[in-house]
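Inspection log for the structure reproduced underneath, given as structure tokens.
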Protein chains: 2
Amino acid sequence: MAETDQGPGPNVAVLCGGVGAARFLNGLVEVVKPSAVTAVVNVADDVTLHGLRISPDIDTIVYTLAGAHSVERGWGLDGETWQAMEMLGRYGGQDWFSLGDRDLGTHLFRTDELRKGRSLSEVTAEMARAWGLELNLLPVTDDRLRTMVTTVDEGEIGFQEYFVRRRHEVAVTAVRFDGAAEARPAPGVLEALSTSDVVVIAPSNPVVSIDPILAVPGVRAALGTRSDSVVAISPIVGGKALKGPADRLLVELGRQASVEAVGQWYTDVASILVIDEVDAEHVEKLEGRGMKVVVTDTIMARPGVAAALARAALEAVIES
Amino acid sequence: MAETDQGPGPNVAVLCGGVGAARFLNGLVEVVKPSAVTAVVNVADDVTLHGLRISPDIDTIVYTLAGAHSVERGWGLDGETWQAMEMLGRYGGQDWFSLGDRDLGTHLFRTDELRKGRSLSEVTAEMARAWGLELNLLPVTDDRLRTMVTTVDEGEIGFQEYFVRRRHEVAVTAVRFDGAAEARPAPGVLEALSTSDVVVIAPSNPVVSIDPILAVPGVRAALGTRSDSVVAISPIVGGKALKGPADRLLVELGRQASVEAVGQWYTDVASILVIDEVDAEHVEKLEGRGMKVVVTDTIMARPGVAAALARAALEAVIES
């Protein structure tokens, strides 16, 4: 991409969930200056457990970009141990949400700082600095925002209870974002979404990772007015979610587990959809509905794929 | 002691701080049935850090009686690791109170259960059961009770800030127990102190471990009416505290660092004082003030000393 090789390069804002977004960002910071990237991160997965404030998507991004994540496990930190959880288990305590010992240090810090009255934005920026990250990492809001999931057998439960305790194996009839109406975008969020040259919607779960970001007042509108330069990357590949329950959630909520459904989901906020090569057959229908489509390798398991994907997403906007 | 060899044996209540009390209890449960022992434990050292509820004296007793304590370190758990604290340090977080990873599991459990509305007594009993302990372990109160220390250079600070952060190296001008006037004895405390055959005041810090127990309304009176069968063990040996700042605190608060000062401290609640052999010269003066004195080895570093000390303390009451 000529821009990044010569000049200051484009400023890029990315709407982010957890693992998929983190992998994408890792590629993105290879092709644009990290300081030109603003990640706007979902916080509706956040949970308070044992009195500790846990922000799983923020932490996944920090750990991954710092190269401190566990590649084998697919989540959490490398070199992690589980002594605290073993002890909690001895007491018969609530140990369904497994917190590694190293990871606990992050939650102790965040909890302390928030109790002192600092905002989640401030704490997140400090964490990013501590790990030597140069990208701008913003929680979408400093206010309380919580994904609530209505299940067929337990009624409405918190997201982590659905995702971790129930291992997202239970059917869902509704999803809502508690606190969304009152939540204010965190400082810098609307600015980044308005002034960035490109906005990317990361290959995260549209229903429970991206939608809570869009639900914060002002965010959807900020994208809607500039959807020509907003590019979404489908987290659905060949009718399946690469990770997590996005495919099942889409079906349970009356959509399809397909790139077409993803395109429809983002129709008012993005004009470009990046899909995997296995989904090339859907290009015609997507384009028929007015969406520009980029077909490329989106499975970021092999080295180089994330950077190529990031480059393709940016080029789709900048060359258009 | 004949009683324990033949029949049901005496019921014993013990007023307890942390390490010294834990060592004494370890000896006591060798000479009387553990189920006949009720430990009434100081909670004025408790602290909330990072949102977690920490009860150092209770935990020290549980870990020690369970044989899970670190003998080398002198506090905390064996096989402990410090991954959470290392991570907290990376962020520049508040890490002056070192919480081991295993230990954190205890605090996560306690915090959860208290947040559910259970009492500290209930949580403590459950912890003791989880470690297979048979003695009755009672916090002196389920209400908030906090030792506040007035220092010459920082004014009034919390006990752990004095004890751990300042390493008890700063001079103290006053000690008070915040919440004492409103605190109610935990269920079973006054019963144990009234109906036990013997009450032992463990070799704990009189100023900051035992005094907060006595400050809970009803406790001092319960002992005062039966002080003939209350035996205190001096934590001052040869003019020095075996551990911690008891010697300096006594001097700073206008007393002496001596077994005589300890005897005077307990004059209204105990009629018998156990002192170490190195302090035999003080027997006359103590007896002159109406205190019965037992002289024995009180340094519980070697195996067998704690049990012999417990036996001597009980015999002083039962044979009197």
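Residues are named by chain letter and number: chains run A, B, ... in the order of the structure tokens, numbers start at 1 in each chain, and ligands are numbered from 1 in the order shown.
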Set the distance at 12 Å and use only C-alpha atoms: which residues neighbour Tyr162 (chain A) once local chain neighbours fewer than 5 positions away are removed? I'd like the list as a ChimeraX atom specification.
/A:45,96-97,147-157,167-172,175,208,244-245,249
Near Trp82 (chain B), counting only C-alpha atoms, which residues have an atom at most 6 Å away, once you skip same-chain residues fewer than 3 positions from it, shown as a short mmCIF file (atom, residue, chain, number, x, y, z; two decimals) with N, CA and C atoms, in the first residue's frame?
```cif
data_model
loop_
_atom_site.label_atom_id
_atom_site.label_comp_id
_atom_site.auth_asym_id
_atom_site.auth_seq_id
_atom_site.Cartn_x
_atom_site.Cartn_y
_atom_site.Cartn_z
N MET B 85 1.52 -11.04 41.62
CA MET B 85 2.23 -9.86 42.12
C MET B 85 3.25 -9.34 41.10
N GLY B 100 0.43 -14.14 47.56
CA GLY B 100 0.82 -15.28 46.75
C GLY B 100 -0.35 -15.78 45.92
N ASP B 101 -0.04 -16.52 44.87
CA ASP B 101 -1.08 -17.00 43.97
C ASP B 101 -2.03 -17.97 44.69
#
```
Mind fitting chain B onto chain A over all Cα atoms in sequence order and sending the result as an mmCIF file with C-alpha atoms, in the first residue's frame?
```cif
data_model
loop_
_atom_site.group_PDB
_atom_site.id
_atom_site.type_symbol
_atom_site.label_atom_id
_atom_site.label_comp_id
_atom_site.auth_asym_id
_atom_site.auth_seq_id
_atom_site.Cartn_x
_atom_site.Cartn_y
_atom_site.Cartn_z
ATOM 1 C CA MET B 1 -0.022 0.133 0.084
ATOM 2 C CA ALA B 2 1.682 3.247 -1.137
ATOM 3 C CA GLU B 3 0.505 5.503 1.684
ATOM 4 C CA THR B 4 2.253 3.614 4.428
ATOM 5 C CA ASP B 5 5.489 3.219 2.530
ATOM 6 C CA GLN B 6 5.912 6.891 1.713
ATOM 7 C CA GLY B 7 4.087 9.227 3.959
ATOM 8 C CA PRO B 8 2.247 9.277 7.225
ATOM 9 C CA GLY B 9 -0.079 6.490 6.061
ATOM 10 C CA PRO B 10 -3.758 6.134 6.831
ATOM 11 C CA ASN B 11 -5.249 6.411 10.262
ATOM 12 C CA VAL B 12 -7.270 3.323 10.941
ATOM 13 C CA ALA B 13 -9.953 2.699 13.550
ATOM 14 C CA VAL B 14 -10.926 -0.907 14.263
ATOM 15 C CA LEU B 15 -14.059 -2.145 16.006
ATOM 16 C CA CYS B 16 -12.857 -5.073 18.082
ATOM 17 C CA GLY B 17 -14.019 -8.096 19.994
ATOM 18 C CA GLY B 18 -11.412 -10.459 21.440
ATOM 19 C CA VAL B 19 -9.346 -13.184 19.786
ATOM 20 C CA GLY B 20 -10.217 -12.569 16.101
ATOM 21 C CA ALA B 21 -9.744 -8.845 16.495
ATOM 22 C CA ALA B 22 -6.452 -9.306 18.292
ATOM 23 C CA ARG B 23 -5.088 -11.451 15.481
ATOM 24 C CA PHE B 24 -6.236 -8.912 12.918
ATOM 25 C CA LEU B 25 -4.650 -6.026 14.831
ATOM 26 C CA ASN B 26 -1.403 -7.970 15.003
ATOM 27 C CA GLY B 27 -1.399 -8.002 11.207
ATOM 28 C CA LEU B 28 -2.573 -4.411 10.894
ATOM 29 C CA VAL B 29 0.320 -3.004 12.930
ATOM 30 C CA GLU B 30 2.670 -4.659 10.440
ATOM 31 C CA VAL B 31 1.252 -2.622 7.558
ATOM 32 C CA VAL B 32 0.501 0.718 9.236
ATOM 33 C CA LYS B 33 2.257 2.511 12.075
ATOM 34 C CA PRO B 34 0.839 1.234 15.373
ATOM 35 C CA SER B 35 0.353 4.805 16.555
ATOM 36 C CA ALA B 36 -1.989 5.365 13.577
ATOM 37 C CA VAL B 37 -4.276 2.551 14.781
ATOM 38 C CA THR B 38 -7.133 3.075 17.223
ATOM 39 C CA ALA B 39 -8.796 -0.074 18.500
ATOM 40 C CA VAL B 40 -12.318 0.551 19.816
ATOM 41 C CA VAL B 41 -12.971 -2.456 21.998
ATOM 42 C CA ASN B 42 -16.106 -4.188 23.207
ATOM 43 C CA VAL B 43 -16.584 -4.062 26.975
ATOM 44 C CA ALA B 44 -20.006 -5.700 27.151
ATOM 45 C CA ASP B 45 -18.270 -9.026 27.924
ATOM 46 C CA ASP B 46 -16.746 -7.467 31.035
ATOM 47 C CA VAL B 47 -17.568 -9.120 34.292
ATOM 48 C CA THR B 48 -16.969 -8.586 37.985
ATOM 49 C CA LEU B 49 -15.930 -11.833 39.656
ATOM 50 C CA HIS B 50 -14.689 -12.222 43.219
ATOM 51 C CA GLY B 51 -14.788 -8.422 43.437
ATOM 52 C CA LEU B 52 -12.363 -8.116 40.523
ATOM 53 C CA ARG B 53 -13.059 -6.193 37.325
ATOM 54 C CA ILE B 54 -12.322 -8.320 34.280
ATOM 55 C CA SER B 55 -12.246 -6.989 30.705
ATOM 56 C CA PRO B 56 -11.630 -10.071 28.564
ATOM 57 C CA ASP B 57 -11.550 -8.405 25.144
ATOM 58 C CA ILE B 58 -9.193 -5.627 26.200
ATOM 59 C CA ASP B 59 -6.879 -8.121 27.868
ATOM 60 C CA THR B 60 -6.898 -10.482 24.908
ATOM 61 C CA ILE B 61 -5.842 -7.614 22.647
ATOM 62 C CA VAL B 62 -3.153 -6.365 25.027
ATOM 63 C CA TYR B 63 -1.670 -9.807 25.625
ATOM 64 C CA THR B 64 -1.765 -10.734 21.928
ATOM 65 C CA LEU B 65 -0.207 -7.524 20.650
ATOM 66 C CA ALA B 66 2.444 -7.772 23.351
ATOM 67 C CA GLY B 67 3.252 -11.305 22.198
ATOM 68 C CA ALA B 68 2.465 -12.519 25.712
ATOM 69 C CA HIS B 69 -0.539 -14.625 24.768
ATOM 70 C CA SER B 70 -0.676 -18.391 24.838
ATOM 71 C CA VAL B 71 -0.684 -19.624 21.257
ATOM 72 C CA GLU B 72 -1.407 -23.219 22.273
ATOM 73 C CA ARG B 73 -4.332 -22.462 24.552
ATOM 74 C CA GLY B 74 -5.776 -19.823 22.230
ATOM 75 C CA TRP B 75 -6.596 -17.445 25.094
ATOM 76 C CA GLY B 76 -4.882 -15.937 28.096
ATOM 77 C CA LEU B 77 -1.210 -15.578 28.871
ATOM 78 C CA ASP B 78 1.831 -17.617 28.044
ATOM 79 C CA GLY B 79 3.612 -19.111 31.053
ATOM 80 C CA GLU B 80 0.353 -19.013 32.973
ATOM 81 C CA THR B 81 -0.238 -20.979 36.176
ATOM 82 C CA TRP B 82 -3.491 -21.789 37.993
ATOM 83 C CA GLN B 83 -2.628 -21.888 41.659
ATOM 84 C CA ALA B 84 -5.334 -19.435 42.745
ATOM 85 C CA MET B 85 -8.032 -21.398 40.904
ATOM 86 C CA GLU B 86 -6.853 -24.689 42.416
ATOM 87 C CA MET B 87 -7.158 -23.144 45.854
ATOM 88 C CA LEU B 88 -10.585 -21.725 45.040
ATOM 89 C CA GLY B 89 -11.601 -25.220 43.956
ATOM 90 C CA ARG B 90 -10.486 -26.636 47.301
ATOM 91 C CA TYR B 91 -13.081 -24.409 48.980
ATOM 92 C CA GLY B 92 -15.770 -25.353 46.500
ATOM 93 C CA GLY B 93 -15.697 -21.753 45.287
ATOM 94 C CA GLN B 94 -17.012 -20.360 42.039
ATOM 95 C CA ASP B 95 -14.276 -21.427 39.623
ATOM 96 C CA TRP B 96 -16.093 -21.755 36.299
ATOM 97 C CA PHE B 97 -14.341 -18.635 35.022
ATOM 98 C CA SER B 98 -10.732 -19.716 35.041
ATOM 99 C CA LEU B 99 -8.405 -16.882 36.030
ATOM 100 C CA GLY B 100 -4.715 -17.609 35.657
ATOM 101 C CA ASP B 101 -2.312 -16.318 38.279
ATOM 102 C CA ARG B 102 -0.573 -13.927 35.876
ATOM 103 C CA ASP B 103 -3.903 -12.764 34.505
ATOM 104 C CA LEU B 104 -5.083 -12.092 38.062
ATOM 105 C CA GLY B 105 -2.347 -9.475 38.374
ATOM 106 C CA THR B 106 -4.005 -7.552 35.538
ATOM 107 C CA HIS B 107 -7.384 -7.708 37.241
ATOM 108 C CA LEU B 108 -5.946 -6.657 40.591
ATOM 109 C CA PHE B 109 -4.416 -3.599 38.899
ATOM 110 C CA ARG B 110 -7.579 -2.690 36.986
ATOM 111 C CA THR B 111 -9.763 -3.130 40.056
ATOM 112 C CA ASP B 112 -7.501 -0.926 42.154
ATOM 113 C CA GLU B 113 -7.326 1.852 39.615
ATOM 114 C CA LEU B 114 -11.079 1.859 38.967
ATOM 115 C CA ARG B 115 -11.722 1.959 42.708
ATOM 116 C CA LYS B 116 -9.505 5.029 42.869
ATOM 117 C CA GLY B 117 -11.933 6.680 40.474
ATOM 118 C CA ARG B 118 -9.918 6.379 37.294
ATOM 119 C CA SER B 119 -11.782 5.538 34.104
ATOM 120 C CA LEU B 120 -11.481 2.265 32.209
ATOM 121 C CA SER B 121 -9.981 4.281 29.322
ATOM 122 C CA GLU B 122 -7.220 5.613 31.533
ATOM 123 C CA VAL B 123 -6.472 2.211 33.033
ATOM 124 C CA THR B 124 -6.484 0.587 29.588
ATOM 125 C CA ALA B 125 -4.056 3.170 28.220
ATOM 126 C CA GLU B 126 -1.755 2.574 31.170
ATOM 127 C CA MET B 127 -1.883 -1.189 30.653
ATOM 128 C CA ALA B 128 -1.045 -0.769 26.976
ATOM 129 C CA ARG B 129 1.926 1.445 27.882
ATOM 130 C CA ALA B 130 3.131 -1.089 30.450
ATOM 131 C CA TRP B 131 3.262 -3.698 27.697
ATOM 132 C CA GLY B 132 5.014 -1.320 25.301
ATOM 133 C CA LEU B 133 2.095 -1.065 22.880
ATOM 134 C CA GLU B 134 1.912 1.984 20.659
ATOM 135 C CA LEU B 135 -1.568 1.586 19.237
ATOM 136 C CA ASN B 136 -4.432 3.507 20.811
ATOM 137 C CA LEU B 137 -6.604 1.135 22.756
ATOM 138 C CA LEU B 138 -10.011 2.497 23.715
ATOM 139 C CA PRO B 139 -12.858 0.752 25.468
ATOM 140 C CA VAL B 140 -15.956 1.766 23.540
ATOM 141 C CA THR B 141 -17.357 3.253 26.746
ATOM 142 C CA ASP B 142 -16.255 3.916 30.310
ATOM 143 C CA ASP B 143 -19.814 3.350 31.425
ATOM 144 C CA ARG B 144 -21.430 0.080 32.368
ATOM 145 C CA LEU B 145 -22.460 -1.963 29.339
ATOM 146 C CA ARG B 146 -23.326 -5.634 29.687
ATOM 147 C CA THR B 147 -24.447 -8.218 27.169
ATOM 148 C CA MET B 148 -27.400 -10.126 28.564
ATOM 149 C CA VAL B 149 -28.382 -13.380 26.900
ATOM 150 C CA THR B 150 -31.826 -14.960 27.142
ATOM 151 C CA THR B 151 -31.439 -18.726 27.172
ATOM 152 C CA VAL B 152 -34.160 -21.302 26.667
ATOM 153 C CA ASP B 153 -33.587 -23.010 29.996
ATOM 154 C CA GLU B 154 -32.257 -20.399 32.431
ATOM 155 C CA GLY B 155 -33.893 -17.184 31.238
ATOM 156 C CA GLU B 156 -31.651 -14.145 31.008
ATOM 157 C CA ILE B 157 -28.054 -14.594 32.142
ATOM 158 C CA GLY B 158 -24.869 -12.573 31.839
ATOM 159 C CA PHE B 159 -22.667 -13.054 28.787
ATOM 160 C CA GLN B 160 -19.847 -14.838 30.589
ATOM 161 C CA GLU B 161 -22.309 -17.184 32.254
ATOM 162 C CA TYR B 162 -23.524 -18.084 28.780
ATOM 163 C CA PHE B 163 -20.118 -18.102 27.141
ATOM 164 C CA VAL B 164 -17.930 -19.695 29.790
ATOM 165 C CA ARG B 165 -20.093 -21.381 32.412
ATOM 166 C CA ARG B 166 -22.561 -22.826 29.863
ATOM 167 C CA ARG B 167 -19.781 -23.130 27.237
ATOM 168 C CA HIS B 168 -22.221 -21.409 24.780
ATOM 169 C CA GLU B 169 -23.951 -24.761 24.383
ATOM 170 C CA VAL B 170 -27.417 -23.530 25.257
ATOM 171 C CA ALA B 171 -29.883 -22.099 22.732
ATOM 172 C CA VAL B 172 -30.400 -18.345 22.836
ATOM 173 C CA THR B 173 -33.632 -16.516 22.071
ATOM 174 C CA ALA B 174 -32.540 -12.907 22.594
ATOM 175 C CA VAL B 175 -29.534 -10.690 23.249
ATOM 176 C CA ARG B 176 -29.626 -7.199 24.714
ATOM 177 C CA PHE B 177 -27.026 -4.715 25.918
ATOM 178 C CA ASP B 178 -27.848 -3.569 29.388
ATOM 179 C CA GLY B 179 -26.847 0.046 29.955
ATOM 180 C CA ALA B 180 -26.524 0.857 26.265
ATOM 181 C CA ALA B 181 -29.070 3.668 26.273
ATOM 182 C CA GLU B 182 -27.162 5.569 28.960
ATOM 183 C CA ALA B 183 -23.625 4.659 27.920
ATOM 184 C CA ARG B 184 -21.458 7.461 26.583
ATOM 185 C CA PRO B 185 -18.680 6.782 24.095
ATOM 186 C CA ALA B 186 -15.303 6.881 25.855
ATOM 187 C CA PRO B 187 -13.129 9.929 25.152
ATOM 188 C CA GLY B 188 -11.670 9.652 21.662
ATOM 189 C CA VAL B 189 -14.036 7.003 20.338
ATOM 190 C CA LEU B 190 -16.281 9.184 18.189
ATOM 191 C CA GLU B 191 -13.286 11.272 17.076
ATOM 192 C CA ALA B 192 -11.451 8.143 15.925
ATOM 193 C CA LEU B 193 -14.516 6.816 14.131
ATOM 194 C CA SER B 194 -15.125 10.154 12.405
ATOM 195 C CA THR B 195 -11.606 11.192 11.467
ATOM 196 C CA SER B 196 -9.894 7.884 10.633
ATOM 197 C CA ASP B 197 -9.200 7.303 6.974
ATOM 198 C CA VAL B 198 -10.516 3.773 7.277
ATOM 199 C CA VAL B 199 -12.733 2.021 9.794
ATOM 200 C CA VAL B 200 -12.411 -1.754 9.953
ATOM 201 C CA ILE B 201 -14.932 -4.003 11.643
ATOM 202 C CA ALA B 202 -12.719 -6.851 12.824
ATOM 203 C CA PRO B 203 -13.683 -10.498 12.225
ATOM 204 C CA SER B 204 -15.402 -10.654 15.603
ATOM 205 C CA ASN B 205 -18.806 -11.973 16.597
ATOM 206 C CA PRO B 206 -21.354 -9.554 15.030
ATOM 207 C CA VAL B 207 -24.012 -10.366 17.632
ATOM 208 C CA VAL B 208 -22.127 -10.135 20.899
ATOM 209 C CA SER B 209 -18.825 -8.388 20.114
ATOM 210 C CA ILE B 210 -19.560 -5.761 17.455
ATOM 211 C CA ASP B 211 -23.226 -5.052 18.114
ATOM 212 C CA PRO B 212 -22.629 -3.826 21.687
ATOM 213 C CA ILE B 213 -20.080 -1.371 20.268
ATOM 214 C CA LEU B 214 -22.633 -0.175 17.723
ATOM 215 C CA ALA B 215 -25.230 0.076 20.510
ATOM 216 C CA VAL B 216 -23.343 2.846 22.306
ATOM 217 C CA PRO B 217 -25.178 6.032 21.340
ATOM 218 C CA GLY B 218 -23.373 7.888 18.574
ATOM 219 C CA VAL B 219 -21.287 4.987 17.290
ATOM 220 C CA ARG B 220 -23.691 3.549 14.720
ATOM 221 C CA ALA B 221 -24.479 7.032 13.442
ATOM 222 C CA ALA B 222 -20.787 7.925 13.180
ATOM 223 C CA LEU B 223 -20.232 4.921 10.916
ATOM 224 C CA GLY B 224 -23.483 5.328 8.987
ATOM 225 C CA THR B 225 -22.468 8.755 7.736
ATOM 226 C CA ARG B 226 -19.190 7.394 6.357
ATOM 227 C CA SER B 227 -20.008 3.805 5.517
ATOM 228 C CA ASP B 228 -18.168 4.115 2.163
ATOM 229 C CA SER B 229 -14.900 3.905 4.046
ATOM 230 C CA VAL B 230 -15.977 1.246 6.526
ATOM 231 C CA VAL B 231 -14.895 -2.296 5.741
ATOM 232 C CA ALA B 232 -16.130 -5.315 7.671
ATOM 233 C CA ILE B 233 -14.340 -8.669 7.775
ATOM 234 C CA SER B 234 -16.632 -11.656 7.975
ATOM 235 C CA PRO B 235 -16.051 -13.910 10.994
ATOM 236 C CA ILE B 236 -18.176 -16.542 9.248
ATOM 237 C CA VAL B 237 -16.194 -18.736 6.882
ATOM 238 C CA GLY B 238 -17.924 -21.470 4.908
ATOM 239 C CA GLY B 239 -21.013 -21.186 7.076
ATOM 240 C CA LYS B 240 -19.115 -21.645 10.338
ATOM 241 C CA ALA B 241 -17.655 -19.338 12.937
ATOM 242 C CA LEU B 242 -13.901 -19.813 13.174
ATOM 243 C CA LYS B 243 -14.245 -19.532 16.943
ATOM 244 C CA GLY B 244 -17.127 -19.151 19.341
ATOM 245 C CA PRO B 245 -20.870 -19.201 18.831
ATOM 246 C CA ALA B 246 -21.365 -16.546 16.113
ATOM 247 C CA ASP B 247 -22.785 -19.101 13.669
ATOM 248 C CA ARG B 248 -25.296 -20.540 16.118
ATOM 249 C CA LEU B 249 -26.268 -17.135 17.483
ATOM 250 C CA LEU B 250 -27.028 -15.832 13.983
ATOM 251 C CA VAL B 251 -29.282 -18.818 13.324
ATOM 252 C CA GLU B 252 -30.939 -18.688 16.749
ATOM 253 C CA LEU B 253 -31.730 -15.020 16.218
ATOM 254 C CA GLY B 254 -33.418 -15.750 12.881
ATOM 255 C CA ARG B 255 -30.552 -15.063 10.494
ATOM 256 C CA GLN B 256 -28.259 -17.460 8.667
ATOM 257 C CA ALA B 257 -24.718 -18.552 9.402
ATOM 258 C CA SER B 258 -23.374 -17.117 6.154
ATOM 259 C CA VAL B 259 -21.359 -14.243 4.783
ATOM 260 C CA GLU B 260 -24.603 -12.945 3.286
ATOM 261 C CA ALA B 261 -26.129 -12.692 6.745
ATOM 262 C CA VAL B 262 -22.991 -10.894 7.950
ATOM 263 C CA GLY B 263 -23.266 -8.458 5.044
ATOM 264 C CA GLN B 264 -26.871 -7.797 5.933
ATOM 265 C CA TRP B 265 -25.997 -7.370 9.607
ATOM 266 C CA TYR B 266 -23.599 -4.545 8.727
ATOM 267 C CA THR B 267 -25.589 -3.049 5.876
ATOM 268 C CA ASP B 268 -26.114 0.359 7.502
ATOM 269 C CA VAL B 269 -22.561 0.792 8.799
ATOM 270 C CA ALA B 270 -20.212 -0.745 6.214
ATOM 271 C CA SER B 271 -20.121 -0.677 2.423
ATOM 272 C CA ILE B 272 -17.352 -3.250 1.968
ATOM 273 C CA LEU B 273 -17.240 -6.840 3.159
ATOM 274 C CA VAL B 274 -14.119 -9.002 3.176
ATOM 275 C CA ILE B 275 -14.943 -12.690 2.844
ATOM 276 C CA ASP B 276 -12.873 -15.820 2.633
ATOM 277 C CA GLU B 277 -12.059 -17.578 -0.621
ATOM 278 C CA VAL B 278 -14.276 -20.495 0.345
ATOM 279 C CA ASP B 279 -17.236 -18.115 0.208
ATOM 280 C CA ALA B 280 -16.530 -16.710 -3.267
ATOM 281 C CA GLU B 281 -19.855 -18.113 -4.509
ATOM 282 C CA HIS B 282 -21.670 -15.476 -2.423
ATOM 283 C CA VAL B 283 -20.047 -12.466 -4.105
ATOM 284 C CA GLU B 284 -22.781 -11.981 -6.642
ATOM 285 C CA LYS B 285 -25.614 -11.883 -4.140
ATOM 286 C CA LEU B 286 -23.710 -9.568 -1.811
ATOM 287 C CA GLU B 287 -22.873 -7.197 -4.665
ATOM 288 C CA GLY B 288 -26.447 -7.396 -5.850
ATOM 289 C CA ARG B 289 -27.411 -5.910 -2.488
ATOM 290 C CA GLY B 290 -25.005 -3.026 -3.035
ATOM 291 C CA MET B 291 -22.060 -4.259 -0.975
ATOM 292 C CA LYS B 292 -18.552 -4.142 -2.351
ATOM 293 C CA VAL B 293 -16.853 -7.504 -1.713
ATOM 294 C CA VAL B 294 -13.203 -8.434 -1.274
ATOM 295 C CA VAL B 295 -12.326 -12.120 -1.478
ATOM 296 C CA THR B 296 -9.110 -13.224 0.208
ATOM 297 C CA ASP B 297 -7.654 -15.628 2.728
ATOM 298 C CA THR B 298 -9.174 -14.638 6.089
ATOM 299 C CA ILE B 299 -8.040 -17.544 8.243
ATOM 300 C CA MET B 300 -5.268 -16.016 10.325
ATOM 301 C CA ALA B 301 -3.713 -19.241 11.501
ATOM 302 C CA ARG B 302 -0.601 -19.065 9.305
ATOM 303 C CA PRO B 303 2.020 -16.298 9.565
ATOM 304 C CA GLY B 304 1.503 -13.442 7.149
ATOM 305 C CA VAL B 305 -2.212 -13.973 6.626
ATOM 306 C CA ALA B 306 -3.258 -11.314 9.152
ATOM 307 C CA ALA B 307 -1.003 -8.667 7.592
ATOM 308 C CA ALA B 308 -2.186 -9.541 4.079
ATOM 309 C CA LEU B 309 -5.784 -9.439 5.266
ATOM 310 C CA ALA B 310 -5.221 -6.025 6.865
ATOM 311 C CA ARG B 311 -3.604 -4.757 3.678
ATOM 312 C CA ALA B 312 -6.495 -6.038 1.577
ATOM 313 C CA ALA B 313 -9.052 -4.418 3.870
ATOM 314 C CA LEU B 314 -7.313 -1.049 3.792
ATOM 315 C CA GLU B 315 -6.763 -1.149 0.031
ATOM 316 C CA ALA B 316 -10.437 -1.859 -0.533
ATOM 317 C CA VAL B 317 -11.209 1.523 0.984
ATOM 318 C CA ILE B 318 -8.237 3.562 -0.132
ATOM 319 C CA GLU B 319 -8.347 2.444 -3.746
ATOM 320 C CA SER B 320 -12.115 2.757 -4.016
#
```
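The residues of region 270-317 of chain A that DSSP classifies as strand (DSSP E), using the backbone of this structure, are Ile272, Leu273, Val274, Ile275, Asp276, Lys292, Val293, Val294, Val295 and Thr296 of chain A.
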Would you list, as number ranges by chain, the residues of region 123-199 of chain B that end up in alpha helix (DSSP H) under DSSP run on this structure's backbone?
B: 123-130, 159-160, 189-195
Export, as an mmCIF file, in the first residue's frame, the selected residues with C-alpha atoms.
```cif
data_model
loop_
_atom_site.group_PDB
_atom_site.id
_atom_site.type_symbol
_atom_site.label_atom_id
_atom_site.label_comp_id
_atom_site.auth_asym_id
_atom_site.auth_seq_id
_atom_site.Cartn_x
_atom_site.Cartn_y
_atom_site.Cartn_z
ATOM 1 C CA VAL B 123 -16.911 -18.415 55.621
ATOM 2 C CA THR B 124 -14.194 -19.106 58.199
ATOM 3 C CA ALA B 125 -15.909 -22.300 59.339
ATOM 4 C CA GLU B 126 -16.178 -23.445 55.739
ATOM 5 C CA MET B 127 -12.498 -22.724 55.117
ATOM 6 C CA ALA B 128 -11.532 -24.688 58.217
ATOM 7 C CA ARG B 129 -13.648 -27.635 57.037
ATOM 8 C CA ALA B 130 -12.072 -27.482 53.579
ATOM 9 C CA PHE B 159 -2.636 -1.505 60.479
ATOM 10 C CA GLN B 160 -1.349 -3.238 57.361
ATOM 11 C CA VAL B 189 -17.626 -16.116 70.968
ATOM 12 C CA LEU B 190 -19.112 -15.102 74.311
ATOM 13 C CA GLU B 191 -20.403 -18.648 74.880
ATOM 14 C CA ALA B 192 -16.918 -20.074 74.326
ATOM 15 C CA LEU B 193 -15.329 -17.484 76.593
ATOM 16 C CA SER B 194 -17.894 -18.102 79.336
ATOM 17 C CA THR B 195 -18.220 -21.874 79.252
#
```
